[in-house]
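K.L.:
Just structure_0.cif, nothing more (mmCIF, C-alpha atoms):
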```cif
data_entry
loop_
_atom_site.group_PDB
_atom_site.id
_atom_site.type_symbol
_atom_site.label_atom_id
_atom_site.label_comp_id
_atom_site.auth_asym_id
_atom_site.auth_seq_id
_atom_site.Cartn_x
_atom_site.Cartn_y
_atom_site.Cartn_z
ATOM 1 C CA MET A 1 90.657 96.900 90.383
ATOM 2 C CA LYS A 2 90.592 96.076 94.116
ATOM 3 C CA ARG A 3 93.996 97.720 94.520
ATOM 4 C CA LEU A 4 92.830 100.850 92.728
ATOM 5 C CA ILE A 5 89.819 101.073 95.030
ATOM 6 C CA ALA A 6 91.950 100.323 98.106
ATOM 7 C CA SER A 7 94.512 102.950 97.082
ATOM 8 C CA ALA A 8 91.820 105.552 96.478
ATOM 9 C CA SER A 9 90.186 104.722 99.822
ATOM 10 C CA PHE A 10 93.521 104.996 101.636
ATOM 11 C CA VAL A 11 94.308 108.383 100.047
ATOM 12 C CA PHE A 12 90.799 109.685 100.748
ATOM 13 C CA ALA A 13 90.821 108.484 104.370
ATOM 14 C CA SER A 14 94.286 109.945 104.889
ATOM 15 C CA SER A 15 93.155 113.328 103.589
ATOM 16 C CA LEU A 16 90.230 113.375 106.034
ATOM 17 C CA LEU A 17 92.420 112.531 109.009
ATOM 18 C CA GLY A 18 94.963 115.251 108.347
ATOM 19 C CA PRO A 19 98.459 115.080 109.840
ATOM 20 C CA VAL A 20 99.035 112.073 112.067
ATOM 21 C CA ALA A 21 101.982 111.558 114.403
ATOM 22 C CA SER A 22 103.043 108.381 112.640
ATOM 23 C CA ALA A 23 101.785 107.569 109.164
ATOM 24 C CA ALA A 24 100.795 104.063 108.180
ATOM 25 C CA CYS A 25 103.293 102.098 106.118
ATOM 26 C CA ASP A 26 102.412 102.696 102.464
ATOM 27 C CA ILE A 27 103.083 99.614 100.322
ATOM 28 C CA THR A 28 101.239 100.885 97.229
ATOM 29 C CA GLN A 29 104.505 101.683 95.395
ATOM 30 C CA THR A 30 106.154 98.311 96.036
ATOM 31 C CA LYS A 31 106.861 95.881 93.216
ATOM 32 C CA CYS A 32 104.403 93.279 94.522
ATOM 33 C CA TRP A 33 101.539 95.791 94.774
ATOM 34 C CA VAL A 34 102.171 97.501 91.418
ATOM 35 C CA ASN A 35 102.497 94.154 89.610
ATOM 36 C CA GLY A 36 99.324 92.770 91.212
ATOM 37 C CA GLY A 37 101.113 89.987 93.077
ATOM 38 C CA ASN A 38 100.882 88.885 96.678
ATOM 39 C CA CYS A 39 102.537 91.261 99.147
ATOM 40 C CA ASN A 40 103.816 88.724 101.677
ATOM 41 C CA ILE A 41 106.923 88.301 103.798
ATOM 42 C CA LYS A 42 108.064 84.791 104.646
ATOM 43 C CA PHE A 43 109.815 84.787 108.036
ATOM 44 C CA LYS A 44 112.212 81.886 108.677
ATOM 45 C CA ASN A 45 113.099 81.266 112.337
ATOM 46 C CA ARG A 46 116.863 80.633 112.369
ATOM 47 C CA THR A 47 117.425 81.315 116.078
ATOM 48 C CA GLY A 48 118.920 77.845 116.474
ATOM 49 C CA ASP A 49 121.549 78.436 113.756
ATOM 50 C CA SER A 50 125.022 79.673 114.646
ATOM 51 C CA GLY A 51 125.990 81.592 111.522
ATOM 52 C CA GLY A 52 125.073 83.091 108.187
ATOM 53 C CA SER A 53 122.262 85.513 109.014
ATOM 54 C CA ASP A 54 123.906 88.542 110.621
ATOM 55 C CA GLY A 55 125.247 90.314 107.509
ATOM 56 C CA SER A 56 123.203 93.549 107.531
ATOM 57 C CA SER A 57 123.037 94.103 111.277
ATOM 58 C CA ASN A 58 125.593 94.982 113.917
ATOM 59 C CA LEU A 59 124.805 91.792 115.850
ATOM 60 C CA ASN A 60 127.048 88.781 116.164
ATOM 61 C CA GLN A 61 124.902 85.732 115.495
ATOM 62 C CA SER A 62 124.758 83.012 118.125
ATOM 63 C CA SER A 63 122.586 79.942 118.598
ATOM 64 C CA SER A 64 119.632 80.183 120.986
ATOM 65 C CA ALA A 65 116.689 78.214 119.587
ATOM 66 C CA GLN A 66 113.419 79.851 120.585
ATOM 67 C CA THR A 67 109.921 80.574 119.413
ATOM 68 C CA VAL A 68 109.562 83.990 117.784
ATOM 69 C CA THR A 69 106.435 86.151 117.658
ATOM 70 C CA VAL A 70 106.062 88.446 114.647
ATOM 71 C CA LYS A 71 103.419 91.155 114.735
ATOM 72 C CA ALA A 72 102.617 94.175 112.636
ATOM 73 C CA ARG A 73 101.985 97.208 114.853
ATOM 74 C CA LYS A 74 99.886 100.327 114.562
ATOM 75 C CA ALA A 75 101.192 103.741 115.631
ATOM 76 C CA SER A 76 99.654 103.061 119.070
ATOM 77 C CA LYS A 77 101.938 99.939 119.338
ATOM 78 C CA ASP A 78 98.828 97.722 119.338
ATOM 79 C CA LYS A 79 98.945 94.786 116.941
ATOM 80 C CA ALA A 80 97.453 95.244 113.486
ATOM 81 C CA GLY A 81 95.649 91.952 112.935
ATOM 82 C CA ASN A 82 96.838 88.506 113.931
ATOM 83 C CA LYS A 83 100.410 87.793 114.978
ATOM 84 C CA LEU A 84 102.588 84.913 113.796
ATOM 85 C CA THR A 85 104.191 82.436 116.178
ATOM 86 C CA ILE A 86 107.144 80.680 114.577
ATOM 87 C CA ILE A 87 108.904 77.734 116.231
ATOM 88 C CA ALA A 88 112.683 77.460 115.788
ATOM 89 C CA GLY A 89 113.602 75.864 112.466
ATOM 90 C CA THR A 90 110.255 76.582 110.806
ATOM 91 C CA SER A 91 108.800 79.447 108.794
ATOM 92 C CA ASN A 92 105.528 81.299 108.418
ATOM 93 C CA THR A 93 104.223 83.928 106.000
ATOM 94 C CA MET A 94 102.692 87.293 106.884
ATOM 95 C CA ASN A 95 100.232 88.852 104.436
ATOM 96 C CA ILE A 96 101.421 92.467 104.429
ATOM 97 C CA GLU A 97 98.505 93.600 102.262
ATOM 98 C CA LYS A 98 96.082 92.672 105.076
ATOM 99 C CA LYS A 99 98.283 94.533 107.586
ATOM 100 C CA ALA A 100 98.288 97.625 105.341
ATOM 101 C CA LYS A 101 94.483 97.687 105.500
ATOM 102 C CA LYS A 102 94.856 97.852 109.293
ATOM 103 C CA GLU A 103 97.322 100.769 108.956
ATOM 104 C CA PHE A 104 100.457 99.154 110.381
ATOM 105 C CA VAL A 105 103.617 101.258 110.861
ATOM 106 C CA ASP A 106 106.253 98.573 111.568
ATOM 107 C CA ILE A 107 106.815 94.910 112.408
ATOM 108 C CA GLN A 108 108.026 93.762 115.828
ATOM 109 C CA LEU A 109 110.006 90.538 116.308
ATOM 110 C CA SER A 110 109.710 89.247 119.894
ATOM 111 C CA PRO A 111 111.552 86.355 121.570
ATOM 112 C CA SER A 112 110.168 83.684 123.876
ATOM 113 C CA VAL A 113 113.378 83.612 125.921
ATOM 114 C CA SER A 114 113.848 86.093 128.761
ATOM 115 C CA GLY A 115 116.939 88.270 128.551
ATOM 116 C CA VAL A 116 116.631 88.625 124.764
ATOM 117 C CA ASN A 117 115.366 91.966 123.446
ATOM 118 C CA SER A 118 112.766 92.442 120.734
ATOM 119 C CA THR A 119 113.615 94.347 117.592
ATOM 120 C CA VAL A 120 111.545 96.317 115.112
ATOM 121 C CA MET A 121 111.563 96.143 111.328
ATOM 122 C CA SER A 122 110.936 99.618 109.949
ATOM 123 C CA CYS A 123 108.442 100.441 107.227
ATOM 124 C CA GLU A 124 111.361 101.234 104.904
ATOM 125 C CA ASP A 125 112.781 97.744 105.433
ATOM 126 C CA VAL A 126 109.336 96.190 104.863
ATOM 127 C CA GLN A 127 109.029 98.097 101.580
ATOM 128 C CA ALA A 128 112.518 96.966 100.484
ATOM 129 C CA VAL A 129 111.654 93.328 101.256
ATOM 130 C CA LEU A 130 108.426 93.592 99.240
ATOM 131 C CA ASP A 131 110.464 94.981 96.336
ATOM 132 C CA GLY A 132 112.781 91.974 96.688
ATOM 133 C CA ASN A 133 111.879 88.303 97.067
ATOM 134 C CA GLY A 134 109.879 88.668 100.309
ATOM 135 C CA THR A 135 112.066 86.421 102.494
ATOM 136 C CA CYS A 136 113.574 87.240 105.916
ATOM 137 C CA LYS A 137 115.525 85.144 108.409
ATOM 138 C CA VAL A 138 115.091 85.886 112.116
ATOM 139 C CA PHE A 139 118.156 85.069 114.218
ATOM 140 C CA HIS A 140 119.508 85.399 117.755
ATOM 141 C CA GLY A 141 122.493 87.672 118.241
ATOM 142 C CA TYR A 142 124.425 89.796 120.658
ATOM 143 C CA VAL A 143 126.443 92.984 120.835
ATOM 144 C CA SER A 144 129.020 93.949 123.452
ATOM 145 C CA ASN A 145 128.400 97.487 124.688
ATOM 146 C CA SER A 146 131.455 97.476 126.933
ATOM 147 C CA SER A 147 134.007 95.005 128.202
ATOM 148 C CA THR A 148 131.481 93.539 130.665
ATOM 149 C CA LYS A 149 127.995 94.180 129.219
ATOM 150 C CA VAL A 150 126.499 91.972 126.512
ATOM 151 C CA GLU A 151 123.059 92.742 125.076
ATOM 152 C CA ARG A 152 121.077 89.974 123.346
ATOM 153 C CA TYR A 153 118.576 90.692 120.555
ATOM 154 C CA LEU A 154 116.535 89.097 117.862
ATOM 155 C CA GLY A 155 117.834 90.229 114.499
ATOM 156 C CA TYR A 156 116.654 89.909 110.926
ATOM 157 C CA GLN A 157 118.410 89.451 107.615
ATOM 158 C CA CYS A 158 116.311 89.741 104.485
ATOM 159 C CA ASP A 159 117.545 88.337 101.194
ATOM 160 C CA GLY A 160 114.743 90.194 99.492
ATOM 161 C CA GLY A 161 115.663 93.882 99.641
ATOM 162 C CA ASN A 162 119.107 93.207 101.169
ATOM 163 C CA VAL A 163 118.184 94.694 104.546
ATOM 164 C CA GLY A 164 118.734 93.634 108.116
ATOM 165 C CA GLY A 165 118.732 94.857 111.644
ATOM 166 C CA PRO A 166 118.909 95.997 114.247
ATOM 167 C CA ASN A 167 121.730 98.334 113.369
ATOM 168 C CA ASP A 168 121.595 100.613 116.386
ATOM 169 C CA ALA A 169 121.408 97.761 118.937
ATOM 170 C CA THR A 170 118.725 99.402 121.005
ATOM 171 C CA ALA A 171 115.473 97.805 122.052
ATOM 172 C CA ARG A 172 112.485 99.565 120.552
#
```
Written as structure tokens, how would this file's structure read?

P.N.:
Amino acid sequence: MKRLIASASFVFASSLLGPVASAACDITQTKCWVNGGNCNIKFKNRTGDSGGSDGSSNLNQSSSAQTVTVKARKASKDKAGNKLTIIAGTSNTMNIEKKAKKEFVDIQLSPSVSGVNSTVMSCEDVQAVLDGNGTCKVFHGYVSNSSTKVERYLGYQCDGGNVGGPNDATAR
């Protein structure tokens, strides 16, 4: 019942606002929402690992243990609710249903180490993860843009939904 009311409220509020530059991430069609389960993503910090998490991105995984900050963002780039701080080798779970109520558009993964770029998990990837098992690994990786320039990023590989990134190797 609460989901029916929340869905109706979201649709009604959206109709009053009219066109918006960037629409909130709609999770109401995901498997977890439709089946009445918990819509969560468990983020595992694997920045200290040296392999096994870079499959769906164009990054080469390397070891650089660091604390990672995970935050859902609104269209304004402000955080939507509390952020997670995850120490290397540990995990933490984000309640995506609560973020949806705050109209998030994406999820940003930020490093604690200078010289490493943040990356952004798109709404489409979030939806795919929620349709899967809700688990993502965050890793440290790099890409060589030329023979002399190496760019370092946080990446993500999600078993649930079989998605990962970044795939364009640009900071967002």

K.L.:
When the PyMOL selection byres ((chain A and resi 72-77) around 12) is applied to the structure above, which residues does it catch, written out as a PDB file with C-alpha atoms, in the coordinates of the input?

P.N.:
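part33.pdb was written with the following content:
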```pdb
ATOM      1  CA  VAL A  20      99.035 112.073 112.067  1.00  0.00           C
ATOM      2  CA  ALA A  21     101.982 111.558 114.403  1.00  0.00           C
ATOM      3  CA  SER A  22     103.043 108.381 112.640  1.00  0.00           C
ATOM      4  CA  ALA A  23     101.785 107.569 109.164  1.00  0.00           C
ATOM      5  CA  ALA A  24     100.795 104.063 108.180  1.00  0.00           C
ATOM      6  CA  CYS A  25     103.293 102.098 106.118  1.00  0.00           C
ATOM      7  CA  ILE A  41     106.923  88.301 103.798  1.00  0.00           C
ATOM      8  CA  THR A  69     106.435  86.151 117.658  1.00  0.00           C
ATOM      9  CA  VAL A  70     106.062  88.446 114.647  1.00  0.00           C
ATOM     10  CA  LYS A  71     103.419  91.155 114.735  1.00  0.00           C
ATOM     11  CA  ASP A  78      98.828  97.722 119.338  1.00  0.00           C
ATOM     12  CA  LYS A  79      98.945  94.786 116.941  1.00  0.00           C
ATOM     13  CA  ALA A  80      97.453  95.244 113.486  1.00  0.00           C
ATOM     14  CA  GLY A  81      95.649  91.952 112.935  1.00  0.00           C
ATOM     15  CA  ASN A  82      96.838  88.506 113.931  1.00  0.00           C
ATOM     16  CA  LYS A  83     100.410  87.793 114.978  1.00  0.00           C
ATOM     17  CA  LEU A  84     102.588  84.913 113.796  1.00  0.00           C
ATOM     18  CA  MET A  94     102.692  87.293 106.884  1.00  0.00           C
ATOM     19  CA  ASN A  95     100.232  88.852 104.436  1.00  0.00           C
ATOM     20  CA  ILE A  96     101.421  92.467 104.429  1.00  0.00           C
ATOM     21  CA  GLU A  97      98.505  93.600 102.262  1.00  0.00           C
ATOM     22  CA  LYS A  98      96.082  92.672 105.076  1.00  0.00           C
ATOM     23  CA  LYS A  99      98.283  94.533 107.586  1.00  0.00           C
ATOM     24  CA  ALA A 100      98.288  97.625 105.341  1.00  0.00           C
ATOM     25  CA  LYS A 101      94.483  97.687 105.500  1.00  0.00           C
ATOM     26  CA  LYS A 102      94.856  97.852 109.293  1.00  0.00           C
ATOM     27  CA  GLU A 103      97.322 100.769 108.956  1.00  0.00           C
ATOM     28  CA  PHE A 104     100.457  99.154 110.381  1.00  0.00           C
ATOM     29  CA  VAL A 105     103.617 101.258 110.861  1.00  0.00           C
ATOM     30  CA  ASP A 106     106.253  98.573 111.568  1.00  0.00           C
ATOM     31  CA  ILE A 107     106.815  94.910 112.408  1.00  0.00           C
ATOM     32  CA  GLN A 108     108.026  93.762 115.828  1.00  0.00           C
ATOM     33  CA  LEU A 109     110.006  90.538 116.308  1.00  0.00           C
ATOM     34  CA  SER A 110     109.710  89.247 119.894  1.00  0.00           C
ATOM     35  CA  VAL A 120     111.545  96.317 115.112  1.00  0.00           C
ATOM     36  CA  MET A 121     111.563  96.143 111.328  1.00  0.00           C
ATOM     37  CA  SER A 122     110.936  99.618 109.949  1.00  0.00           C
ATOM     38  CA  CYS A 123     108.442 100.441 107.227  1.00  0.00           C
ATOM     39  CA  VAL A 126     109.336  96.190 104.863  1.00  0.00           C
ATOM     40  CA  ARG A 172     112.485  99.565 120.552  1.00  0.00           C
TER      41      ARG A 172
END
```

K.L.:
Let me know the residues the PyMOL selection byres ((chain A and resi 37) around 12) catches in the file above, as a PyMOL selection string.

P.N.:
chain A and resi 3+28+30-36+38-40+95-97+130-131+133-134

K.L.:
Name the residues captured by the PyMOL selection byres ((chain A and resi 68) around 10) when it is applied to the shown file; answer as a list in words.

P.N.:
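Applied to this file, the PyMOL selection byres ((chain A and resi 68) around 10) returns Phe43, Lys44, Asn45, Arg46, Thr47, Ala65, Gln66, Thr67, Thr69, Val70, Lys71, Leu84, Thr85, Ile86, Ile87, Ala88, Leu109, Ser110, Pro111, Ser112, Val113, Ser118, Val138, Phe139 and Leu154 of chain A.
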
K.L.:
So, with only C-alpha atoms as the atoms that count, which of A:Gly48, A:Thr135, A:Gln127, A:Cys158 lies closest to A:Ile27?

P.N.:
A:Gln127

K.L.:
By how many Å are atom CA of A:Val116 and atom CA of A:Thr90 apart?

P.N.:
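These two atoms are separated by 19.5 Å.
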
K.L.:
Pick the closest to A:Asp159 from A:Ser62, A:Asp26, A:Ser57, A:Lys137: which is it, counting all atoms listed in the file?

P.N.:
A:Lys137

K.L.:
Provide the atom CA of A:Thr93 to atom CA of A:Gln29 distance in Å, to one decimal place.

P.N.:
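Rounded to one decimal, the two atoms are 20.7 Å apart.
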
K.L.:
Of the candidates A:Gly51, A:Gly141, A:Gly132, A:Gly89, which shows the shortest atom-to-atom distance to A:Asn167, using only C-alpha atoms?

P.N.:
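Of the candidates, the smallest distance to A:Asn167 is held by A:Gly141.
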
K.L.:
Please compute the atom CA of A:Ser144-atom CA of A:Leu59 distance, one decimal, in Å.

P.N.:
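Interatomic distance, atom CA of A:Ser144 to atom CA of A:Leu59: 9.0 Å.
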
K.L.:
Mind checking which residues fall within 12 Å of A:Val143, counting only C-alpha atoms, ignoring those fewer than 4 positions away in the same chain, and posting them as a PyMOL selection string?

P.N.:
chain A and resi 54+57-62+116-117+147-155+166-170

K.L.:
Select, from A:Asn145, A:Cys136, A:Gly160, A:Gly165, the residue with the minimum atom-to-atom distance to A:Asn92, counting only C-alpha atoms.

P.N.:
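Looking only at the distances to A:Asn92, the closest residue turns out to be A:Cys136.
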
K.L.:
Which is closest to A:Ser63 among A:Glu124, A:Tyr142, A:Lys42, A:Ser91, if we use all atoms listed in the file?

P.N.:
A:Tyr142

K.L.:
Here's a test: counting only C-alpha atoms, identify every protein, DNA and RNA residue with an atom at most 7 Å from (124.5, 96.4, 105.9) in the file's coordinate frame, and state them as a PyMOL selection string.

P.N.:
chain A and resi 55-57+163-164
